[in-house]
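**Q** I have a structure I would like to understand better, so I am pasting it below and will then ask my questions one at a time.
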Amino acid sequence: MRKLKTIAAAMGVVLASSGLAQAANVEGPSVFWKLSMWGNPRALSAGMEELSKLVAEETDGKFQIKIFYGGQLSPARENLDALTFNGFEGAAICNFYHPGKNPAWMVFSLPFLPLGDPKVDRYVRSKMFEHPAIVKDMERWNAMPFVSGLLPQYEILGKGTPPQNLEDWKGKRVRAGGGLGSAMEKLGAVKQTLPAGETAIAFQRGALDAAAFPFTYAHVAFKINEEAEWYTTNMSPGTSECGWVLNKTAFEKLPPQYQELLMDNRDLVMEVEQAAYAEQDKKNLPAFEESLIGVTYTDEQLAEFREVAGKPVWDAWIEANKDKFDSQGVFDAIWTYAEEAKSAQ
């Protein structure tokens, strides 16, 4: 099968105004898939929306995929549960919404992983989505890893006194999940793990001081910038994994040519995601600079943060999970794949 890798290929070739219908490149039965997603359409969902268009075009409308937004099919924290009883055919998940349901996936939320370079990040996450421990986490929920959301590095937006020094984080209530939340606790912050859609309301009610989100698209997608007064410009404490998983039963029922169509175009999904994030930054950064106070840390401050909240958090995570799965092996795999990616550049 012809492997489509670029956005241009995904859009297809526009036929001349001959009025002729385009024949299907992939023949098969009529299939309709529902994917569960919280929030509104945004950069994170752009790649899957493009895949949906491609699949429909390649099958002449026989294979339809529709993303249901706003938690219409399931609340964000319950997407995995719904897959176990075949409530829908796929979903977006955020690992830190339910750490007990995907313990190996929590490796993606550890602070200061070598994922800052977009090319390295994409390579590492693609390889990790095939790691036995990552796959096993999803099998418990009748799910299979499909494609990473490739979330950009986080920065933090907040209200009140800007934390110009690391000591200023003490006592601040910060929305940050997983290992990133643990890193903030090392600075004396109080970790909160609110779903994204509840964060702006928490600010409005005075229940939250700051929120870590993928910079910059997610802050704007969930209107955090409208509540905030300041933002960190270079903290880059880490990221997490809000990726896409498929219903294992539904995938196995697909004819082989439809399975291949999906799996061959995971690169397309990631290309579109990264392009969408970059496009958002072009619009959002100038707006942030104009309306918010930027907090920029010195190299010395960042080095202190990494020393306090880097390796200690890694070691604690590995120790806490060593009896559940090969936590050391999962952690080491991130660094091994990152080195592979850097060597290939």
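As shown in the structure tokens, the chain order sets the letters A, B, ...; within each chain, residues go from 1, and ligands are also counted from 1 in the order they appear.
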What's the 7 Å shell around Phe88 (chain A), counting only C-alpha atoms, without same-chain residues fewer than 4 positions away, as a list in words?

**A**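 Neighbouring residues, sequence-local ones excluded: Lys34, Leu35 and Leu83 of chain A.
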
**Q** Taking N, CA and C atoms for each residue, export the selection above as a PDB file, in the first residue's frame.

**A**
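Result saved to result32.pdb:
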ATOM      1  N   LYS A  34     -16.196   5.992  16.417  1.00  0.00           N
ATOM      2  CA  LYS A  34     -16.354   7.143  17.301  1.00  0.00           C
ATOM      3  C   LYS A  34     -15.123   7.242  18.200  1.00  0.00           C
ATOM      4  N   LEU A  35     -14.551   8.439  18.309  1.00  0.00           N
ATOM      5  CA  LEU A  35     -13.413   8.686  19.191  1.00  0.00           C
ATOM      6  C   LEU A  35     -13.837   9.688  20.261  1.00  0.00           C
ATOM      7  N   LEU A  83     -13.535   2.019  27.178  1.00  0.00           N
ATOM      8  CA  LEU A  83     -12.995   1.134  26.146  1.00  0.00           C
ATOM      9  C   LEU A  83     -13.121  -0.332  26.546  1.00  0.00           C
TER      10      LEU A  83
END

**Q** What are the DSSP strand (DSSP E) residues of region 21-215 of chain A, as number ranges by chain?

**A** A: 31-36, 63-68, 90-94, 143-147, 154-158, 173-175, 190-192, 210-214

**Q** I need the chosen residues saved as a compact mmCIF listing (two decimals), in the first residue's frame, with C-alpha atoms.

**A**
# COMPACT_ATOMS: atom_id res chain seq x y z
CA VAL A 31 -17.32 1.25 9.03
CA PHE A 32 -18.10 4.09 11.43
CA TRP A 33 -15.77 4.81 14.35
CA LYS A 34 -16.35 7.14 17.30
CA LEU A 35 -13.41 8.69 19.19
CA SER A 36 -13.84 10.28 22.62
CA PHE A 63 -14.44 4.17 6.58
CA GLN A 64 -15.63 7.12 8.67
CA ILE A 65 -13.97 8.33 11.88
CA LYS A 66 -15.62 11.04 13.97
CA ILE A 67 -14.16 12.71 17.05
CA PHE A 68 -16.75 13.59 19.69
CA GLY A 90 -10.84 5.09 20.31
CA ALA A 91 -10.02 7.93 22.66
CA ALA A 92 -7.54 10.54 23.72
CA ILE A 93 -6.07 9.94 27.16
CA CYS A 94 -3.85 11.97 29.48
CA ALA A 143 -6.90 -0.62 24.31
CA MET A 144 -3.77 -0.32 22.19
CA PRO A 145 -1.37 2.63 21.89
CA PHE A 146 -1.84 4.35 18.56
CA VAL A 147 -0.05 7.68 18.34
CA TYR A 154 5.28 22.73 29.72
CA GLU A 155 5.44 26.23 31.09
CA ILE A 156 3.40 27.66 33.94
CA LEU A 157 0.86 30.49 33.94
CA GLY A 158 -0.45 31.95 37.17
CA ARG A 173 -1.30 25.70 44.42
CA VAL A 174 -0.15 24.44 41.03
CA ARG A 175 -2.09 22.30 38.58
CA VAL A 190 0.98 22.22 46.44
CA LYS A 191 0.20 19.82 43.59
CA GLN A 192 -3.27 19.81 42.02
CA ALA A 210 -0.86 28.47 38.76
CA ALA A 211 -1.20 25.82 36.07
CA ALA A 212 1.31 23.87 34.01
CA PHE A 213 0.20 23.12 30.46
CA PRO A 214 1.89 22.37 27.13

**Q** Go through region 58-101 of chain A residue by residue and, counting only C-alpha atoms, keep those with an atom at most 12 Å from region 308-327 of chain A; for each kept residue give the shortest atom pair and its distance in Å to one decimal, ordered by chain and increasing number, as a Markdown table.

**A**
| residue | atom | partner | partner_atom | distance |
| --- | --- | --- | --- | --- |
| A:Pro99 | CA | A:Asn321 | CA | 11.5 |
| A:Gly100 | CA | A:Asn321 | CA | 10.8 |
| A:Lys101 | CA | A:Lys324 | CA | 11.9 |

**Q** Within region 244-327 of chain A, find each residue whose DSSP state, derived from the backbone, is alpha helix (DSSP H), and express the selection as an NGL selection string.

**A** :A and (248-253 or 256-263 or 266-291 or 299-309 or 311-321 or 327)

**Q** Could those selected residues go to a file with C-alpha atoms, as a PDB file, in the first residue's frame?

**A**
ATOM      1  CA  LYS A 248      -8.346  -3.290  20.637  1.00  0.00           C
ATOM      2  CA  THR A 249     -11.503  -5.268  19.830  1.00  0.00           C
ATOM      3  CA  ALA A 250     -12.626  -2.745  17.231  1.00  0.00           C
ATOM      4  CA  PHE A 251      -9.192  -2.602  15.596  1.00  0.00           C
ATOM      5  CA  GLU A 252      -8.941  -6.386  15.327  1.00  0.00           C
ATOM      6  CA  LYS A 253     -12.373  -6.493  13.631  1.00  0.00           C
ATOM      7  CA  PRO A 256      -6.399  -5.835   7.118  1.00  0.00           C
ATOM      8  CA  GLN A 257      -6.399  -3.051   4.543  1.00  0.00           C
ATOM      9  CA  TYR A 258      -8.129  -0.680   6.984  1.00  0.00           C
ATOM     10  CA  GLN A 259      -5.721  -1.629   9.764  1.00  0.00           C
ATOM     11  CA  GLU A 260      -2.821  -0.903   7.453  1.00  0.00           C
ATOM     12  CA  LEU A 261      -4.323   2.410   6.414  1.00  0.00           C
ATOM     13  CA  LEU A 262      -4.430   3.538  10.036  1.00  0.00           C
ATOM     14  CA  MET A 263      -1.014   2.258  11.072  1.00  0.00           C
ATOM     15  CA  ARG A 266       0.690   7.636  12.236  1.00  0.00           C
ATOM     16  CA  ASP A 267       3.498   9.854  10.934  1.00  0.00           C
ATOM     17  CA  LEU A 268       0.875  12.027   9.267  1.00  0.00           C
ATOM     18  CA  VAL A 269      -0.916  12.530  12.587  1.00  0.00           C
ATOM     19  CA  MET A 270       2.295  13.596  14.311  1.00  0.00           C
ATOM     20  CA  GLU A 271       3.347  15.918  11.473  1.00  0.00           C
ATOM     21  CA  VAL A 272       0.039  17.735  11.635  1.00  0.00           C
ATOM     22  CA  GLU A 273       0.164  17.954  15.433  1.00  0.00           C
ATOM     23  CA  GLN A 274       3.625  19.513  15.437  1.00  0.00           C
ATOM     24  CA  ALA A 275       2.713  21.945  12.664  1.00  0.00           C
ATOM     25  CA  ALA A 276      -0.403  22.977  14.599  1.00  0.00           C
ATOM     26  CA  TYR A 277       1.586  23.570  17.802  1.00  0.00           C
ATOM     27  CA  ALA A 278       4.093  25.732  15.911  1.00  0.00           C
ATOM     28  CA  GLU A 279       1.329  27.738  14.267  1.00  0.00           C
ATOM     29  CA  GLN A 280      -0.278  28.401  17.652  1.00  0.00           C
ATOM     30  CA  ASP A 281       3.032  29.630  19.075  1.00  0.00           C
ATOM     31  CA  LYS A 282       3.290  32.235  16.311  1.00  0.00           C
ATOM     32  CA  LYS A 283      -0.005  33.735  17.457  1.00  0.00           C
ATOM     33  CA  ASN A 284       0.152  33.125  21.182  1.00  0.00           C
ATOM     34  CA  LEU A 285       3.681  34.212  22.112  1.00  0.00           C
ATOM     35  CA  PRO A 286       3.246  37.853  21.033  1.00  0.00           C
ATOM     36  CA  ALA A 287      -0.049  37.973  22.930  1.00  0.00           C
ATOM     37  CA  PHE A 288       1.560  36.559  26.068  1.00  0.00           C
ATOM     38  CA  GLU A 289       4.423  39.038  25.848  1.00  0.00           C
ATOM     39  CA  GLU A 290       1.987  41.916  25.535  1.00  0.00           C
ATOM     40  CA  SER A 291      -0.506  41.016  28.270  1.00  0.00           C
ATOM     41  CA  ASP A 299      20.947  29.246  34.350  1.00  0.00           C
ATOM     42  CA  GLU A 300      21.931  28.917  38.006  1.00  0.00           C
ATOM     43  CA  GLN A 301      18.295  28.807  39.134  1.00  0.00           C
ATOM     44  CA  LEU A 302      17.416  26.211  36.510  1.00  0.00           C
ATOM     45  CA  ALA A 303      20.395  24.079  37.492  1.00  0.00           C
ATOM     46  CA  GLU A 304      19.242  24.221  41.121  1.00  0.00           C
ATOM     47  CA  PHE A 305      15.713  23.203  40.090  1.00  0.00           C
ATOM     48  CA  ARG A 306      17.024  20.194  38.146  1.00  0.00           C
ATOM     49  CA  GLU A 307      19.218  19.119  41.051  1.00  0.00           C
ATOM     50  CA  VAL A 308      16.357  19.301  43.550  1.00  0.00           C
ATOM     51  CA  ALA A 309      13.572  17.956  41.348  1.00  0.00           C
ATOM     52  CA  LYS A 311      17.054  12.697  39.750  1.00  0.00           C
ATOM     53  CA  PRO A 312      15.327  12.477  43.159  1.00  0.00           C
ATOM     54  CA  VAL A 313      11.939  12.335  41.414  1.00  0.00           C
ATOM     55  CA  TRP A 314      13.226   9.801  38.871  1.00  0.00           C
ATOM     56  CA  ASP A 315      14.628   7.563  41.589  1.00  0.00           C
ATOM     57  CA  ALA A 316      11.452   7.756  43.653  1.00  0.00           C
ATOM     58  CA  TRP A 317       9.315   6.784  40.644  1.00  0.00           C
ATOM     59  CA  ILE A 318      11.545   3.847  39.745  1.00  0.00           C
ATOM     60  CA  GLU A 319      11.523   2.581  43.329  1.00  0.00           C
ATOM     61  CA  ALA A 320       7.758   2.974  43.735  1.00  0.00           C
ATOM     62  CA  ASN A 321       7.030   0.978  40.577  1.00  0.00           C
ATOM     63  CA  SER A 327      10.347   0.622  35.867  1.00  0.00           C
TER      64      SER A 327
END

**Q** Restricting the calculation to only C-alpha atoms: of A:Thr232, A:Thr239, A:Asn225, A:Thr336, which residue gets closest to Trp169 (chain A)?

**A**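 Ranking A:Thr232, A:Thr239, A:Asn225, A:Thr336 by distance to Trp169 (chain A), first place goes to A:Thr232.
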
**Q** Which residue out of A:Ala228, A:Ala56, A:Ala76, A:Leu292 has the minimum interatomic distance to Gly160 (chain A) when only C-alpha atoms are used?

**A**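 Closest to Gly160 (chain A), using only C-alpha atoms: A:Ala228.
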